[in-house]
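Inspection log for the structure reproduced underneath, given as structure tokens.
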Amino acid sequence: MKLDLSGFESTPSLHGGAVDDVGEDLFSRPSFQLPACSDFDGFQKDAVQMVKPAKGTTTLAFIFKEGVIVAADSRASMGGYISSQSVKKIIEINPYMLGTMAGGAADCQFWHRNLGIKCRLHELANKRRISVTGASKLLANILYSYRGMGLSVGTMIAGWDEKGPGLYYVDSEGGRLKGARFSVGSGSPYAYGVLDSGYRYDMTKEEAAELARRAIYHATFRDGASGGVASVYYVGPDGWTKLSGDDVGELHYKYYPVVPTPIEQEMADAPAA
Amino acid sequence: MARYDRAITVFSPDGHLFQVEYALEAVRKGNAAVGVRGTDTIVLGVEKKSTPKLQDSRSVRKIVSLDTHIALACAGLKADARVLINRARIECQSHRLTVEDPVTVEYITRYIAGLQQKYTQSGGVRPFGLSTLIVGFDPYTGVPALYQTDPSGTFSAWKANATGRNSNSMREFLEKNYKETSGQETVKLAIRTLLEVVESGGKNIEIAVMTKEHGLRQLDEAEIDAIVAEIEAEKAAAEAAKKTPSKDT
């Protein structure tokens, strides 16, 4: 199994994998040992099962007329325990590309950081920015080489390059999909409900941001593993900007303000009467 | 300096890598090759030594394509060329696979030059004995480019260049006669340069023309003969104009 270990090198190589018979002895990559167990396939299966339920989050991204909107919640949960309400799930790879985090937080953060390094090296070597297509492919190839080893990553790479807005979904199974609308995480069914019914290609930036915000809010309302703050980012020709970060509790009362019912009114009047 | 050319990893006291310099000698003995960059056309030309009667000349193509938009001509050891070209072709496809985009001319030149350099800094191997001329169009901007690499692993971009046998006289000719050309004019300039050092005739010259729309096209003998005839006619006309005294004397 030829693993892509370039993430562990201090000076990662650009074209990993080119077979070079001269270099094999001289420039060999550092290797790490595979686990010494009798049942490697079973081990792989257990490793995957361990992290499978962990994609407790809601993230979404979609392309529209003016660019890409990326939004996410900020809750981290360990089983039934909410370990943090303020996790940054939208990772800034470089000034014109964003990645979202779903699955293992460490995995997402490390590999997105590593992708940022690779993108910068590509820029320096080729004197032009890497395309969203290329960046997502680099990440997908790395994740594919670790397939079955327990990485848990469900991410969307969103950016703006020479060909315009780009959005790709990449996961730790090695899958990579190009698309215009994605939502990832345990809250994604709820987010899709709101996103799909409200989506139009020619929305304004404000309408699009509001749609994303509402979709995240509704997902946090129904999904226990999502919550915290709904962050909304916009990616345009000049790079990304953060549009808003609203606590979903406050959003709830904004969308569904409290209206006192007649019965409650009577109860309030009773002691006086 | 016999002690300093046994293994190439050894510098001589005055800072030479003799194996690399000997490789450059091999290039100087190789067939002449010229490349000319126009505004919308790039031309590669190579001297063809007379083919033996029984040899199938189609199997000895000296100008090869690395991808649909990149071509290469070289001077020097042809066997080394084959190895280098195969590695470059693989890299072109590998690049398409990993970033879903064709290579730029600069990228593949950098790769080939990097390979050539690697073989000047390893034990037990000798440098590649060839210099290459790499041409192509940038897949995004459509700008034509011409690059040259040599056995030491250096590379640079050129408007027009020559390598191999008599490259100095060809380069001098180009320096005197180069101007921005397009289309057929670029082809003519390349052929005129080659004719300086090669016996005239379509049999002794191989020409390939690359355009953005049609990619690489090898000219056949008849076409080359026709252009050579045009060039000779122009030359004759120029001579005649010089010889006849001007009207008002």
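Identifiers for the structure tokens are assigned positionally: chains receive A, B, ... in sequence, residues are indexed from 1 per chain, and ligands are indexed from 1 in the order shown.
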Using only C-alpha atoms, which residues sit within 8 Å of A:Leu243 once same-chain residues fewer than 5 positions away are excluded, as an MDAnalysis selection string? chainID A and resid 209 231:234
So that I can see what lies close to stretch 127-138 of chain A, please list as a VMD selection string the residues with an atom at most 6 Å from it, counting only C-alpha atoms and leaving out residues fewer than 6 positions away in the same chain. (chain A and resid 159 161 166) or (chain B and resid 99)
Save the residues we just selected, C-alpha atoms, as a PDB file, in the first residue's frame?
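Writing the result to part.pdb gives the following:
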```pdb
ATOM      1  CA  GLY A 159     -12.969  28.875  -3.347  1.00  0.00           C
ATOM      2  CA  ASP A 161     -10.174  30.643  -8.983  1.00  0.00           C
ATOM      3  CA  GLY A 166     -15.644  26.273  -7.153  1.00  0.00           C
TER       4      GLY A 166
ATOM      5  CA  VAL B  99      -4.673  18.704 -10.497  1.00  0.00           C
TER       6      VAL B  99
END
```
Within 12 Å of stretch 252-266 of chain A, counting only C-alpha atoms, which residues qualify if same-chain residues fewer than 5 places away don't, as a PyMOL selection string? chain A and resi 210+213-222+227-230+246-247+271-273
Using DSSP on the backbone, list every residue of stretch 107-228 of chain B that comes out as strand (DSSP E), and give them as an mmCIF file with C-alpha atoms, in the first residue's frame.
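The file below, result.cif, is the result:
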```cif
data_model
loop_
_atom_site.group_PDB
_atom_site.id
_atom_site.type_symbol
_atom_site.label_atom_id
_atom_site.label_comp_id
_atom_site.auth_asym_id
_atom_site.auth_seq_id
_atom_site.Cartn_x
_atom_site.Cartn_y
_atom_site.Cartn_z
ATOM 1 C CA LEU B 130 21.244 15.730 -24.491
ATOM 2 C CA SER B 131 19.882 19.247 -24.631
ATOM 3 C CA THR B 132 16.215 19.684 -25.325
ATOM 4 C CA LEU B 133 14.106 22.364 -26.966
ATOM 5 C CA ILE B 134 10.606 22.310 -25.508
ATOM 6 C CA VAL B 135 7.770 24.230 -27.106
ATOM 7 C CA GLY B 136 4.119 24.611 -26.386
ATOM 8 C CA PHE B 137 1.186 26.876 -25.609
ATOM 9 C CA PRO B 144 3.456 30.382 -26.925
ATOM 10 C CA ALA B 145 6.693 29.422 -25.184
ATOM 11 C CA LEU B 146 10.079 27.970 -26.093
ATOM 12 C CA TYR B 147 12.431 26.597 -23.464
ATOM 13 C CA GLN B 148 15.836 24.956 -23.595
ATOM 14 C CA THR B 149 17.406 22.549 -21.087
ATOM 15 C CA PHE B 155 16.764 25.832 -18.271
ATOM 16 C CA SER B 156 15.623 29.136 -19.650
ATOM 17 C CA ALA B 157 13.036 30.599 -22.001
ATOM 18 C CA ALA B 160 14.541 31.460 -30.699
ATOM 19 C CA ASN B 161 17.412 29.084 -30.041
ATOM 20 C CA ALA B 162 19.514 26.362 -31.580
ATOM 21 C CA THR B 163 21.402 23.421 -30.167
ATOM 22 C CA ILE B 205 15.381 18.663 -42.666
ATOM 23 C CA GLU B 206 12.530 17.667 -40.391
ATOM 24 C CA ILE B 207 10.111 20.439 -39.441
ATOM 25 C CA ALA B 208 7.160 20.438 -37.065
ATOM 26 C CA VAL B 209 4.785 23.335 -36.571
ATOM 27 C CA MET B 210 2.693 23.841 -33.460
ATOM 28 C CA THR B 211 -0.367 26.056 -33.364
ATOM 29 C CA GLY B 215 -1.485 21.163 -32.113
ATOM 30 C CA LEU B 216 1.661 19.635 -33.540
ATOM 31 C CA ARG B 217 1.889 19.020 -37.264
ATOM 32 C CA GLN B 218 4.884 17.417 -38.959
#
```
Can you tell me, as number ranges by chain, what residues are no more than 12 Å from B:Asn168 when counting only C-alpha atoms, ignoring any on the same chain fewer than 3 positions away? B: 28, 32-34, 161-165, 171-175, 193-194, 196-197
Take the residues from that selection and write them out as a tab-separated table (two decimals), in the first residue's frame, keeping N, CA and C atoms.
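After the write, part-v8.tsv holds the following:
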```
chain	number	residue	atom	x	y	z
B	28	ARG	N	27.14	18.75	-28.49
B	28	ARG	CA	27.69	19.51	-29.61
B	28	ARG	C	27.94	18.64	-30.82
B	32	ALA	N	21.85	19.05	-35.56
B	32	ALA	CA	21.41	20.43	-35.33
B	32	ALA	C	19.91	20.47	-35.08
B	33	ALA	N	19.52	21.32	-34.13
B	33	ALA	CA	18.09	21.50	-33.87
B	33	ALA	C	17.85	22.97	-33.62
B	34	VAL	N	16.72	23.46	-34.10
B	34	VAL	CA	16.39	24.87	-33.93
B	34	VAL	C	14.94	25.02	-33.52
B	161	ASN	N	16.15	29.65	-30.48
B	161	ASN	CA	17.41	29.08	-30.04
B	161	ASN	C	17.78	27.90	-30.91
B	162	ALA	N	19.04	27.51	-30.82
B	162	ALA	CA	19.51	26.36	-31.58
B	162	ALA	C	20.44	25.56	-30.69
B	163	THR	N	20.50	24.26	-30.94
B	163	THR	CA	21.40	23.42	-30.17
B	163	THR	C	21.93	22.33	-31.07
B	164	GLY	N	22.95	21.62	-30.59
B	164	GLY	CA	23.53	20.56	-31.42
B	164	GLY	C	24.65	21.10	-32.29
B	165	ARG	N	24.88	20.40	-33.40
B	165	ARG	CA	25.98	20.76	-34.28
B	165	ARG	C	25.82	22.16	-34.83
B	171	ARG	N	22.75	30.26	-34.00
B	171	ARG	CA	22.29	31.28	-33.05
B	171	ARG	C	22.69	32.66	-33.53
B	172	GLU	N	23.90	32.78	-34.10
B	172	GLU	CA	24.31	34.08	-34.63
B	172	GLU	C	23.37	34.54	-35.71
B	173	PHE	N	23.01	33.58	-36.61
B	173	PHE	CA	22.07	33.92	-37.69
B	173	PHE	C	20.74	34.39	-37.11
B	174	LEU	N	20.27	33.69	-36.08
B	174	LEU	CA	18.99	34.06	-35.48
B	174	LEU	C	19.08	35.42	-34.84
B	175	GLU	N	20.20	35.69	-34.16
B	175	GLU	CA	20.31	37.00	-33.50
B	175	GLU	C	20.26	38.11	-34.52
B	193	THR	N	17.27	29.26	-40.96
B	193	THR	CA	18.33	29.05	-39.97
B	193	THR	C	18.99	27.70	-40.17
B	194	LEU	N	18.18	26.67	-40.35
B	194	LEU	CA	18.72	25.33	-40.52
B	194	LEU	C	19.54	25.24	-41.80
B	196	GLU	N	21.41	27.27	-43.05
B	196	GLU	CA	22.76	27.82	-42.91
B	196	GLU	C	23.78	26.71	-42.67
B	197	VAL	N	23.35	25.67	-41.98
B	197	VAL	CA	24.33	24.64	-41.60
B	197	VAL	C	24.04	23.27	-42.18
```
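For chain B, the residues no farther than 8 Å from chain A when using only C-alpha atoms are Glu91, Thr98, Val99, Glu100, Asp101, Tyr107 and Ser122 of chain B.
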Could you give me, as a ChimeraX atom specification, each residue of stretch 123-266 of chain A that DSSP assigns to helix (DSSP H, G or I) when run on this structure's backbone? /A:123-126,132-145,188-198,205-222,248-255,262-266
Rounded to one decimal place, report the atom CA of A:Ser226-atom CA of A:Val194 distance in Å. 15.6 Å
So which residues touch A:Phe62 within 6 Å, counting only C-alpha atoms, skipping near sequence neighbours fewer than 3 positions away, as a PDB file with N, CA and C atoms, in the first residue's frame?
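Output file selection_36.pdb follows:
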```
ATOM      1  N   VAL A  68     -19.684  31.969  -3.546  1.00  0.00           N
ATOM      2  CA  VAL A  68     -19.958  30.785  -2.727  1.00  0.00           C
ATOM      3  C   VAL A  68     -20.271  31.244  -1.315  1.00  0.00           C
ATOM      4  N   ILE A  69     -21.288  30.626  -0.706  1.00  0.00           N
ATOM      5  CA  ILE A  69     -21.581  30.856   0.706  1.00  0.00           C
ATOM      6  C   ILE A  69     -21.189  29.596   1.455  1.00  0.00           C
ATOM      7  N   ALA A 180     -22.901  22.055  -6.680  1.00  0.00           N
ATOM      8  CA  ALA A 180     -23.288  23.436  -6.425  1.00  0.00           C
ATOM      9  C   ALA A 180     -23.908  23.618  -5.047  1.00  0.00           C
ATOM     10  N   ARG A 181     -24.322  22.523  -4.415  1.00  0.00           N
ATOM     11  CA  ARG A 181     -24.978  22.599  -3.091  1.00  0.00           C
ATOM     12  C   ARG A 181     -24.586  21.385  -2.298  1.00  0.00           C
TER      13      ARG A 181
END
```
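Atom pair atom CA of A:Gly193 / atom CA of A:Ser244 has a distance of 21.6 Å (rounded to one decimal).
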Show me, as a ChimeraX atom specification, the residues that have an atom within 8 Å of A:Thr100 when counting only C-alpha atoms, minus same-chain residues fewer than 4 positions from it. /A:59,70,72,89-91,154-157
Using only C-alpha atoms, determine which residues lie at most 8 Å from B:Ile191, disregarding the query and same-chain residues fewer than 3 positions distant; provide the list as a short mmCIF file (atom, residue, chain, number, x, y, z; two decimals) with C-alpha atoms, in the first residue's frame.
```
data_model
loop_
_atom_site.label_atom_id
_atom_site.label_comp_id
_atom_site.auth_asym_id
_atom_site.auth_seq_id
_atom_site.Cartn_x
_atom_site.Cartn_y
_atom_site.Cartn_z
CA GLY B 45 13.39 22.03 -36.91
CA VAL B 187 8.35 28.42 -40.43
CA LYS B 188 10.46 30.17 -43.03
CA LEU B 194 18.72 25.33 -40.52
CA LEU B 195 19.76 25.85 -44.13
CA ILE B 207 10.11 20.44 -39.44
CA VAL B 228 12.95 25.75 -49.38
#
```
